[in-house]
Protein chains: 2
Amino acid sequence: MNSSAGPVALTIERRDGLARAGLLATPHGVARTPFFMVVGTAASVKGMTPTQLREAGAQVVLSNTYHLALRPGEEAVRRHGGLAAFMGWHGPTLTDSGGYQIFSLAKKRCVSMEGVRFDNHIDGGDLFLTPERAVAIQEALGSDMMMCLDECPPARAERKEIVRSLEVTHHWAERARRAWRNTDSQALFGIAQGALFEDLRRESAQRIAELDFPGYAVGGVAVGEAVEDIRRIVAFTAPLLPDDRPRYLMGVGAPEDIINSVLAGVDMFDCVMPTRHARHCQAFTRRGPINLKNRRFADDPRPIDETCDCEACRSVSRAYLRHLSVLGEIMASVWITIHNVRFYLKLMEDIREAILAGAYSAFAKTRLEELASRAE
Amino acid sequence: MNSSAGPVALTIERRDGLARAGLLATPHGVARTPFFMVVGTAASVKGMTPTQLREAGAQVVLSNTYHLALRPGEEAVRRHGGLAAFMGWHGPTLTDSGGYQIFSLAKKRCVSMEGVRFDNHIDGGDLFLTPERAVAIQEALGSDMMMCLDECPPARAERKEIVRSLEVTHHWAERARRAWRNTDSQALFGIAQGALFEDLRRESAQRIAELDFPGYAVGGVAVGEAVEDIRRIVAFTAPLLPDDRPRYLMGVGAPEDIINSVLAGVDMFDCVMPTRHARHCQAFTRRGPINLKNRRFADDPRPIDETCDCEACRSVSRAYLRHLSVLGEIMASVWITIHNVRFYLKLMEDIREAILAGAYSAFAKTRLEELASRAE
């Protein structure tokens, strides 16, 4: 099997240290790597239409198996043409497996070797996810990239607990691999776990790679650990994943994390930060985040970020956005989401350009310094 | 003084019965009449960016003096280039005067011949509006069309009360007319009141017309009266307003009301219905409104309205919007707002086309029948 096998195929155009710029072919179109996936949990990116997403440069949208299985149900999505058509996006999509909810809904679930039962979710009733069921749901959703069900433990769990958890994750990965039927139209990604233990990370990466997936993810990052641990674990783990397959760092992260992770050879990212922070009036800038509710912006005629080309920065001032933020107007969220999403996507475009120019490490240094400077 | 005098000028292109199609020149551009103004209360149309508004065919945006005077304050808007620039719209705008809040905030205000004091508004403190102050605020906001402060009484008030109220409204109109300084760059509209009494409506229209405003409004409609009273009063009052000036029916209304009012010679409309109803998941269709939370849409693959060309109807199904509506996703509001606003603006385009073709009364009959049929 080589990198062109299966429904997604990575072509690396240029390497710059461990960083790579390439093209990822998917059934719904080609995405330029490295890329950031905008999160549309319930098949909807909160605050932006598909037209606005495309204009912002979005290439791949991520949705959540757990949420869609509960509402509207995966069969409803299938009947309406699959996730991409259902949400009017029509481009490449990736679905997670529900594994992250084992972490985020830790008090509402029970894990066994068989699977995970989620209890008492508002309105949704129980949901029992097995590796087979997670694949079946994602096959019904019709995403281009599916994820294996994994157990995502908190970063600070004890070693003994992580060892136990890895047995579950690896067992589930084997079962998911066997359950995968749409091998021509949907790619299944394996997920390496291992928390903060480098030997366990190495072992997990090897065992998952042996299963020969079209793509690989680093899971269990940004689940409570320190920033330096994120950096260390990603730098250690990403190069252990097969070089000819796309590498996806799940749920990460801040702009700084992305810049550092590309240095380690990561190709794909997703995070709720640009959309969720926008709903709390927090906007990203080249010189760090700002909160537009702050009184100091009440008379600030500048755009959020003078280097940004998004519709918000071309149209309205910080003073205007501060006005909407204080009132809790729906458009405060929408405008800041438009900006934040474009900020992330433009960062990825700049990253890619720097790699293609063979200048990534200098770029990374400059941008990290800039982000660390105090936003005005 | 003729119709080309002042900062707004109406050119009537075609008459069809009492209906008129024309062009209204304003300092921020020409608007084709009859037109519907999308409401952006706090200098923001809830759910749509200016780009989306322009794509939907919006020509004029309406904002509220009362709300903007409280937050962010009219001087802040002035400093940021005036209302149109502040909100990134850059097209024609109209501001109301705060008169409507005398009706909508009836328990929180006190009216005298001098003016109206609003008490205890959340966060905003007191606001004392006089006719002079209402003009001064609107001059600071820089809208193309300003409204005189008027007293908007409830439709079912007693005759004695309406007679008293008209004295206030007419006195205020004279004072506003005298206070108007930006006569080259901002038009001031007079407002005729009179509730359900035809003789009082006639008297008010005459007294306001004597003050020679660049435009005239029918106020005090859709403030609690029956649908047939709306129709009767508009049909009676609109033709009493000067024929060569734009006629504006304030705060009205449902598509049926608009169709009927154009028959009476009204040129301008505004209403919160398309935007507010959208936030309650109610969508307009050619065959009446539907509520997308309804279970019967859970598996409906059709767009909201198969005759509509909006981004929502081109992109997503009722089943999808029902899914978002049930979840309370922000995009349910946004998508339905995009549709409802386009629905209203397309209705106005169709109305105008019918008038230009000399076929308005047949058009009105057909559309009213269609709206009365049961939406599926």
# chains A, B, ... in the order shown; residues from 1 in each chain; ligands from 1

call {"tool": "residues_around", "arguments": {"residues": "Thr49 in chain A", "least_positions_apart": "4", "cutoff": "8 Å", "atoms": "only C-alpha atoms", "output": "number ranges by chain"}}
result
A: 45, 53; B: 331, 335

call {"tool": "write_last_selection", "arguments": {"atoms": "C-alpha atoms", "output": "PDB file, in the first residue's frame"}}
result
ATOM      1  CA  VAL A  45     -20.346  26.340  11.709  1.00  0.00           C
ATOM      2  CA  LEU A  53     -16.562  29.832   4.713  1.00  0.00           C
TER       3      LEU A  53
ATOM      4  CA  MET B 331     -27.351  29.513  12.203  1.00  0.00           C
ATOM      5  CA  TRP B 335     -30.317  31.212   7.628  1.00  0.00           C
TER       6      TRP B 335
END

call {"tool": "interface_residues", "arguments": {"of": "chain A", "to": "chain B", "cutoff": "8 Å", "atoms": "only C-alpha atoms", "output": "PyMOL selection string"}}
result
chain A and resi 42+44-49+71-72+76+80+85-89+299+301+315-317+320+323-324+329-331+334-335

call {"tool": "atom_distance", "arguments": {"atom1": "CA of Arg178 in chain B", "atom2": "CA of Met145 in chain B"}}
result
16.1 Å

call {"tool": "residues_around", "arguments": {"residues": "Gly219 in chain B", "least_positions_apart": "2", "cutoff": "10 Å", "atoms": "only C-alpha atoms", "output": "list of chain:residue names"}}
result
B:Gly99, B:Tyr100, B:Asp150, B:Glu151, B:Cys152, B:Pro153, B:Gly190, B:Ile191, B:Ala192, B:Gln193, B:Gly194, B:Ala195, B:Tyr216, B:Ala217, B:Val221, B:Ala222, B:Val223, B:Val234, B:Tyr248, B:Leu249, B:Met250, B:Gly251, B:Val252

call {"tool": "write_last_selection", "arguments": {"atoms": "N, CA and C atoms", "output": "tab-separated table (two decimals), in the first residue's frame"}}
result
chain	number	residue	atom	x	y	z
B	99	GLY	N	-40.19	58.28	18.54
B	99	GLY	CA	-41.64	58.40	18.75
B	99	GLY	C	-42.30	57.05	18.96
B	100	TYR	N	-41.82	56.06	18.26
B	100	TYR	CA	-42.43	54.74	18.40
B	100	TYR	C	-42.25	54.19	19.82
B	150	ASP	N	-42.77	62.27	17.12
B	150	ASP	CA	-44.23	62.32	17.17
B	150	ASP	C	-44.69	61.51	18.36
B	151	GLU	N	-45.95	61.67	18.74
B	151	GLU	CA	-46.49	60.82	19.77
B	151	GLU	C	-47.31	59.73	19.09
B	152	CYS	N	-46.88	58.51	19.27
B	152	CYS	CA	-47.56	57.38	18.65
B	152	CYS	C	-48.49	56.75	19.68
B	153	PRO	N	-49.80	57.03	19.61
B	153	PRO	CA	-50.71	56.48	20.62
B	153	PRO	C	-51.19	55.09	20.22
B	190	GLY	N	-42.12	64.44	7.86
B	190	GLY	CA	-43.22	64.67	8.79
B	190	GLY	C	-44.06	63.42	8.94
B	191	ILE	N	-44.73	63.30	10.09
B	191	ILE	CA	-45.54	62.10	10.37
B	191	ILE	C	-46.97	62.50	10.69
B	192	ALA	N	-47.91	61.94	9.93
B	192	ALA	CA	-49.33	62.16	10.20
B	192	ALA	C	-49.85	61.06	11.11
B	193	GLN	N	-50.56	61.46	12.16
B	193	GLN	CA	-51.19	60.49	13.06
B	193	GLN	C	-52.71	60.60	12.94
B	194	GLY	N	-53.44	60.13	13.94
B	194	GLY	CA	-54.90	60.25	13.92
B	194	GLY	C	-55.63	58.95	14.22
B	195	ALA	N	-54.87	57.91	14.50
B	195	ALA	CA	-55.47	56.63	14.92
B	195	ALA	C	-56.53	56.17	13.92
B	216	TYR	N	-43.15	62.26	3.75
B	216	TYR	CA	-44.24	62.17	4.72
B	216	TYR	C	-44.47	60.72	5.12
B	217	ALA	N	-44.82	60.56	6.38
B	217	ALA	CA	-45.08	59.20	6.87
B	217	ALA	C	-46.48	59.10	7.44
B	221	VAL	N	-49.87	53.14	12.81
B	221	VAL	CA	-50.54	52.01	12.18
B	221	VAL	C	-49.85	50.73	12.69
B	222	ALA	N	-50.64	49.66	12.78
B	222	ALA	CA	-50.13	48.39	13.32
B	222	ALA	C	-49.67	48.55	14.76
B	223	VAL	N	-50.48	49.27	15.54
B	223	VAL	CA	-50.21	49.43	16.97
B	223	VAL	C	-51.40	48.90	17.77
B	234	VAL	N	-54.85	53.09	6.04
B	234	VAL	CA	-53.80	53.36	5.06
B	234	VAL	C	-54.42	53.79	3.73
B	248	TYR	N	-44.26	57.17	3.38
B	248	TYR	CA	-43.66	56.09	4.18
B	248	TYR	C	-44.67	55.60	5.20
B	249	LEU	N	-44.97	54.32	5.16
B	249	LEU	CA	-45.87	53.71	6.14
B	249	LEU	C	-45.02	53.06	7.22
B	250	MET	N	-45.03	53.66	8.40
B	250	MET	CA	-44.06	53.26	9.43
B	250	MET	C	-44.42	51.94	10.12
B	251	GLY	N	-43.45	51.03	10.15
B	251	GLY	CA	-43.57	49.83	10.97
B	251	GLY	C	-44.52	48.77	10.44
B	252	VAL	N	-44.91	48.88	9.17
B	252	VAL	CA	-45.85	47.92	8.58
B	252	VAL	C	-45.13	47.23	7.42

call {"tool": "closest_residue", "arguments": {"among": "B:Val61, B:Ala179, B:Ala19, B:Val8", "to": "Leu356 in chain B", "atoms": "only C-alpha atoms"}}
result
B:Ala19

call {"tool": "select_by_dssp", "arguments": {"residues": "range 116-256 of chain B", "states": "strand (DSSP E)", "output": "VMD selection string"}}
result
chain B and resid 116 to 121 125 to 129 145 to 147 187 to 192 215 to 218 247 to 249

call {"tool": "residues_around", "arguments": {"residues": "Ala357 in chain A", "least_positions_apart": "3", "cutoff": "12 Å", "atoms": "only C-alpha atoms", "output": "VMD selection string"}}
result
chain A and resid 13 to 16 19 to 21 350 to 354 360 to 363

call {"tool": "residues_around", "arguments": {"residues": "Asp199 in chain B", "least_positions_apart": "4", "cutoff": "12 Å", "atoms": "only C-alpha atoms", "output": "compact mmCIF listing (two decimals) with N, CA and C atoms, in the first residue's frame"}}
result
# COMPACT_ATOMS: atom_id res chain seq x y z
N ARG B 159 -61.17 58.93 21.38
CA ARG B 159 -61.04 60.08 20.50
C ARG B 159 -60.45 61.29 21.21
N ILE B 162 -56.83 60.95 21.43
CA ILE B 162 -56.16 61.14 20.13
C ILE B 162 -56.09 62.62 19.77
N VAL B 163 -57.16 63.35 20.06
CA VAL B 163 -57.18 64.79 19.78
C VAL B 163 -56.06 65.48 20.56
N GLN B 193 -50.56 61.46 12.16
CA GLN B 193 -51.19 60.49 13.06
C GLN B 193 -52.71 60.60 12.94
N GLY B 194 -53.44 60.13 13.94
CA GLY B 194 -54.90 60.25 13.92
C GLY B 194 -55.63 58.95 14.22
N ALA B 195 -54.87 57.91 14.50
CA ALA B 195 -55.47 56.63 14.92
C ALA B 195 -56.53 56.17 13.92
N GLU B 203 -57.19 65.73 9.01
CA GLU B 203 -56.69 66.98 9.60
C GLU B 203 -55.18 66.91 9.83
N SER B 204 -54.73 65.76 10.34
CA SER B 204 -53.30 65.62 10.64
C SER B 204 -52.48 65.64 9.36
N ALA B 205 -52.95 64.95 8.34
CA ALA B 205 -52.22 64.93 7.06
C ALA B 205 -52.10 66.35 6.52
N GLN B 206 -53.18 67.12 6.61
CA GLN B 206 -53.15 68.49 6.10
C GLN B 206 -52.18 69.36 6.90
N ILE B 233 -57.36 52.49 7.12
CA ILE B 233 -56.69 53.75 7.48
C ILE B 233 -55.59 54.09 6.47
N PHE B 236 -57.15 55.25 3.30
CA PHE B 236 -57.72 56.59 3.45
C PHE B 236 -56.64 57.66 3.53
N THR B 237 -55.58 57.36 4.28
CA THR B 237 -54.60 58.40 4.61
C THR B 237 -53.54 58.61 3.54
N LEU B 240 -53.88 61.23 0.97
CA LEU B 240 -53.97 62.61 1.46
C LEU B 240 -52.59 63.26 1.56

call {"tool": "select_by_dssp", "arguments": {"residues": "range 275-343 of chain B", "states": "helix (DSSP H, G or I)", "output": "PyMOL selection string"}}
result
chain B and resi 275-279+295-297+311-315+318-327+330-343

call {"tool": "residues_around", "arguments": {"residues": "Asn260 in chain B", "least_positions_apart": "6", "cutoff": "10 Å", "atoms": "only C-alpha atoms", "output": "PDB file with C-alpha atoms, in the first residue's frame"}}
result
ATOM      1  CA  ALA B  19     -49.609  52.771  -6.929  1.00  0.00           C
ATOM      2  CA  ILE B 230     -54.860  48.878   9.011  1.00  0.00           C
ATOM      3  CA  ARG B 231     -56.064  48.517   5.461  1.00  0.00           C
ATOM      4  CA  ARG B 232     -58.842  51.093   5.809  1.00  0.00           C
ATOM      5  CA  VAL B 234     -53.799  53.357   5.058  1.00  0.00           C
ATOM      6  CA  ALA B 235     -56.132  53.443   2.040  1.00  0.00           C
ATOM      7  CA  VAL B 266     -47.264  54.070  -0.298  1.00  0.00           C
ATOM      8  CA  SER B 361     -53.944  45.285  -9.295  1.00  0.00           C
ATOM      9  CA  ALA B 364     -51.897  42.167  -5.911  1.00  0.00           C
ATOM     10  CA  LYS B 365     -54.972  39.979  -6.233  1.00  0.00           C
ATOM     11  CA  LEU B 368     -52.936  37.984  -1.785  1.00  0.00           C
TER      12      LEU B 368
END

call {"tool": "atom_distance", "arguments": {"atom1": "CA of Ser325 in chain A", "atom2": "CA of Tyr66 in chain B"}}
result
18.4 Å

call {"tool": "closest_residue", "arguments": {"among": "B:Gly29, B:Gly215, B:Gly142, B:Gly98", "to": "Arg181 in chain B", "atoms": "only C-alpha atoms"}}
result
B:Gly142

call {"tool": "atom_distance", "arguments": {"atom1": "CA of Asp212 in chain B", "atom2": "CA of Ala9 in chain B"}}
result
13.4 Å
